[in-house]
Amino acid sequence: MQFPIRATDAPRFSAALPEACDVVVVGAGVAGVMSAYYLAKAGRRVVLLEKGRVAGEQSSRNWGWIRQQGRDPAELPIMMEAMRLWEGLADELGPDLGFARCGVAYLSDRPGAMDGFEAWVTLARAHGLESHLLGRAQLAAAVPHRTNWVGGLITPSDARAEPFVAVPMLAGLAEKAGVTIIEGCAVRALDLAAGKVAGVVTEKGRIRAGQVLVAAGAWSSLFLRRHGLALPQLLVRSSVAQTAPMPEITQISAVDDVFAWRRRLDGGYTLAPGTSHDFYLGPDALRHFLKYVPQMRRDLSKTAIHPRAPAAGWPDGWFTSRHWAEDRESPFERMRVLDPPPNRIYLNNVTRAFARAFPSLGAPKLIRSWAGMIDVLPDTVPVLDAAPIAGLYVATGLSGHGFGIGPGVGRVMAALMTGAPPGHDLTRFRWKRFTDGSKIDLGPTF
Ligand SMILES: Cc1cc2nc3c(=O)[nH]c(=O)nc-3n(C[C@H](O)[C@H](O)[C@H](O)COP(=O)(O)OP(=O)(O)OC[C@H]3O[C@@H](n4cnc5c(N)ncnc54)[C@H](O)[C@@H]3O)c2cc1C
């Protein structure tokens with residue numbers, strides 16, 4: 001499996017377009033793949049359509065953390081279920097998935113940070129999850145380092161997997177479960193009859209279906225807007241680098257205020273800025289400005305704002321078309337894989353911080369760098385709900401932590417769409433929360 005996944009890679013999933021099915025899933029990232037899988041297991045005829053390649057966007061570009069720690073209280077039970085599901089998937093798919101219970105730690109040189117960590121330990125305990133504080137000495141024993149970290153927080157049962165390998169493997173499993181997967185097949189629009197979903201119009205033709213799930217990641221808002229549905233979704237660019245193989249300091253994945261790391265299956269590290277990211281202005285940024293004020297108050301100092309996207313055709317580009325005819329090329333075909341250039345300044349800072357923290361390893365040699373556009377919502381938790389068109393469902397806005405929770409999201413969406421009890425309280429993830437006058441209730445950054 002090559003990384004980054006590109007539109008020029010030979011497609012691995014190229015079934016013929018059927019005339020009809022029960023459910024069409026738009027987008028083969030982890031949310032779409034896992035939803036399709038659980039829908040097929042529930043007996044539905046499912047077609048999963050991907051404009052580019054399976055996991056070409058966020059789902060292969062992420063850090064590979066499978067993290068319960070620091071989750072929004074409403075997400076935590078779904079994430080804990082997702083962890084159990086990952087365990088079962090790893091049993092089924094074997095070691096290539098890269099799943100390992102390595103532990104995830106948050107580290108800080110600010111004594112005040114320990115109070116927040118302590119509050120998390122109490123919440124985790126209430127859910128039966130073991131998380132604990134790391135004092136200076138414990139931290140030095142677990143992660144030998146040379147920094148000013150005063151301590152940290154760890155959840156030993158947290159895990160990792162190799163995203164660019166894992167999600168295509170999960171798609172393989174979905175295919176075995178009966179899902180028809182077609183790469184290089186953009187969905188241009190919903191096909192509506194009497195105000196209800198009757199199927200989709202794709203670049204290869206129509207498919208009749210009574211239900212459609214939009215799991216289109218960074219493109220969900222653009223897709224839905226064509227049908228008059230306003231979703232206040234924006235995107236941030238997050239940059240990542242891969243080192244050459246290096247000696248192991250610890251199996252634990254960790255983050256402090258400056259940098260984050262994860263041990264890779266190939267013996268290198270995935271390195272990234274802890275919280276710094278980039279934001280490109282566009283029409284949606286202006287449209288949804290007020291809803292993002294709480295998030296901006298918290299995160300503005302970590303956000304580099306740019307006047308425009310780096311290329312034409314970006315989901316929220318100034319000149320990206322918002323209206324297109326069903327029989328014409330859509331914005332989704334014009335950009336098969338969203339592949340932003342990484343922010344080199346951030347990556348240089350991260351490399352220096354890593355070298356300072358672990359001088360015994362020597363300066364890390366970066367052999368690859370990339371970025372991904374993370375789709376966020378104003379409160380940093382997703383929408384997992386039916387949308388206001390009969391037959392239409394949405395699973396999007398996974399906001400920087402969707403890889404780990406992906407199997408849980410898939411299981412929950414399949415339950416919602418088949419009328420089974422979802423098993424969790426999904427009120428926090430309702431579609432209407434941005435229009436029913438609710439106050440923005442900001443979830444955690446990490
Ligand atoms: C740099 C980075 C680091 C991250 N680190 C972590 C981490 O460590 N742990 C974690 O849990 N999460 C992490 N995340 C977040 C995580 O990767 C995402 O939340 C998750 O992958 C989102 O999955 P998705 O399926 O919703 O979207 P995506 O993976 O973006 O998939 C959406 C798919 O829909 C397709 N699509 C869009 N429109 C159409 C259309 N009209 N027709 C057909 N196909 C369409 C797209 O091509 C795309 O492949 C990170 C993200 C990034 C970018």
# chains A, B, ... in the order shown; residues from 1 in each chain; ligands from 1
call {"tool": "residues_around", "arguments": {"residues": "range 167-175 of chain A", "least_positions_apart": "5", "cutoff": "7 Å", "atoms": "only C-alpha atoms", "output": "ChimeraX atom specification"}}
result
/A:30,33,36-37,54-55,59,180-181
call {"tool": "residues_near_ligand", "arguments": {"ligand": "ligand 1", "cutoff": "6 Å", "atoms": "only C-alpha atoms and all ligand atoms", "output": "number ranges by chain"}}
result
A: 26-32, 49-52, 54-59, 61-66, 186-188, 215-219, 238-240, 332, 337, 371-374, 396, 398-404
call {"tool": "atom_distance", "arguments": {"atom1": "CA of Arg368 in chain A", "atom2": "CA of Ala241 in chain A"}}
result
5.7 Å
call {"tool": "residues_around", "arguments": {"residues": "range 76-83 of chain A", "least_positions_apart": "5", "cutoff": "9 Å", "atoms": "only C-alpha atoms", "output": "PyMOL selection string"}}
result
chain A and resi 66-71+88+124+127+129+157-159+404-409+411-412+423-424
call {"tool": "residues_around", "arguments": {"residues": "range 355-363 of chain A", "least_positions_apart": "5", "cutoff": "10 Å", "atoms": "only C-alpha atoms", "output": "count of residues only"}}
result
14
call {"tool": "residues_around", "arguments": {"residues": "Ser330 in chain A", "least_positions_apart": "3", "cutoff": "9 Å", "atoms": "only C-alpha atoms", "output": "NGL selection string"}}
result
:A and (186-189 or 203 or 321 or 323-327 or 333-334)
call {"tool": "write_last_selection", "arguments": {"atoms": "N, CA and C atoms", "output": "CSV table (one decimal), in the first residue's frame"}}
result
chain,number,residue,atom,x,y,z
A,186,ALA,N,-18.0,10.0,-8.4
A,186,ALA,CA,-18.5,11.1,-7.5
A,186,ALA,C,-20.0,11.1,-7.6
A,187,VAL,N,-20.6,11.4,-6.4
A,187,VAL,CA,-22.1,11.6,-6.4
A,187,VAL,C,-22.3,13.1,-6.6
A,188,ARG,N,-23.0,13.4,-7.7
A,188,ARG,CA,-23.2,14.8,-8.0
A,188,ARG,C,-24.3,15.5,-7.2
A,189,ALA,N,-25.4,14.7,-6.9
A,189,ALA,CA,-26.5,15.2,-6.3
A,189,ALA,C,-27.4,14.1,-5.8
A,203,GLU,N,-21.6,10.5,-11.5
A,203,GLU,CA,-21.0,10.8,-12.7
A,203,GLU,C,-21.1,9.6,-13.7
A,321,SER,N,-17.7,26.4,-7.5
A,321,SER,CA,-19.1,26.6,-7.8
A,321,SER,C,-20.0,25.9,-6.8
A,323,HIS,N,-23.4,25.8,-7.3
A,323,HIS,CA,-24.6,25.3,-8.1
A,323,HIS,C,-24.1,24.6,-9.3
A,324,TRP,N,-24.5,23.4,-9.5
A,324,TRP,CA,-24.1,22.7,-10.8
A,324,TRP,C,-25.3,21.8,-11.2
A,325,ALA,N,-25.3,21.6,-12.5
A,325,ALA,CA,-26.3,20.7,-13.1
A,325,ALA,C,-25.9,19.3,-12.9
A,326,GLU,N,-26.9,18.4,-12.8
A,326,GLU,CA,-26.7,17.0,-12.6
A,326,GLU,C,-25.9,16.3,-13.7
A,327,ASP,N,-26.1,16.9,-14.9
A,327,ASP,CA,-25.5,16.3,-16.1
A,327,ASP,C,-24.2,16.9,-16.5
A,333,GLU,N,-15.8,15.9,-8.9
A,333,GLU,CA,-14.9,15.3,-9.9
A,333,GLU,C,-13.7,16.1,-10.2
A,334,ARG,N,-13.8,17.5,-10.0
A,334,ARG,CA,-12.7,18.3,-10.3
A,334,ARG,C,-11.6,18.2,-9.3
call {"tool": "closest_residue", "arguments": {"among": "A:Asp441, A:Leu384, A:Leu426, A:Gly228", "to": "Val293 in chain A", "atoms": "only C-alpha atoms"}}
result
A:Asp441
call {"tool": "closest_residue", "arguments": {"among": "A:Arg264, A:Arg428, A:Arg125, A:Lys196", "to": "Val383 in chain A", "atoms": "only C-alpha atoms"}}
result
A:Arg428
call {"tool": "atom_distance", "arguments": {"atom1": "CA of Ala126 in chain A", "atom2": "CA of Thr445 in chain A"}}
result
20.9 Å
call {"tool": "residues_around", "arguments": {"residues": "Ile305 in chain A", "least_positions_apart": "6", "cutoff": "10 Å", "atoms": "only C-alpha atoms", "output": "VMD selection string"}}
result
chain A and resid 236 277 to 281
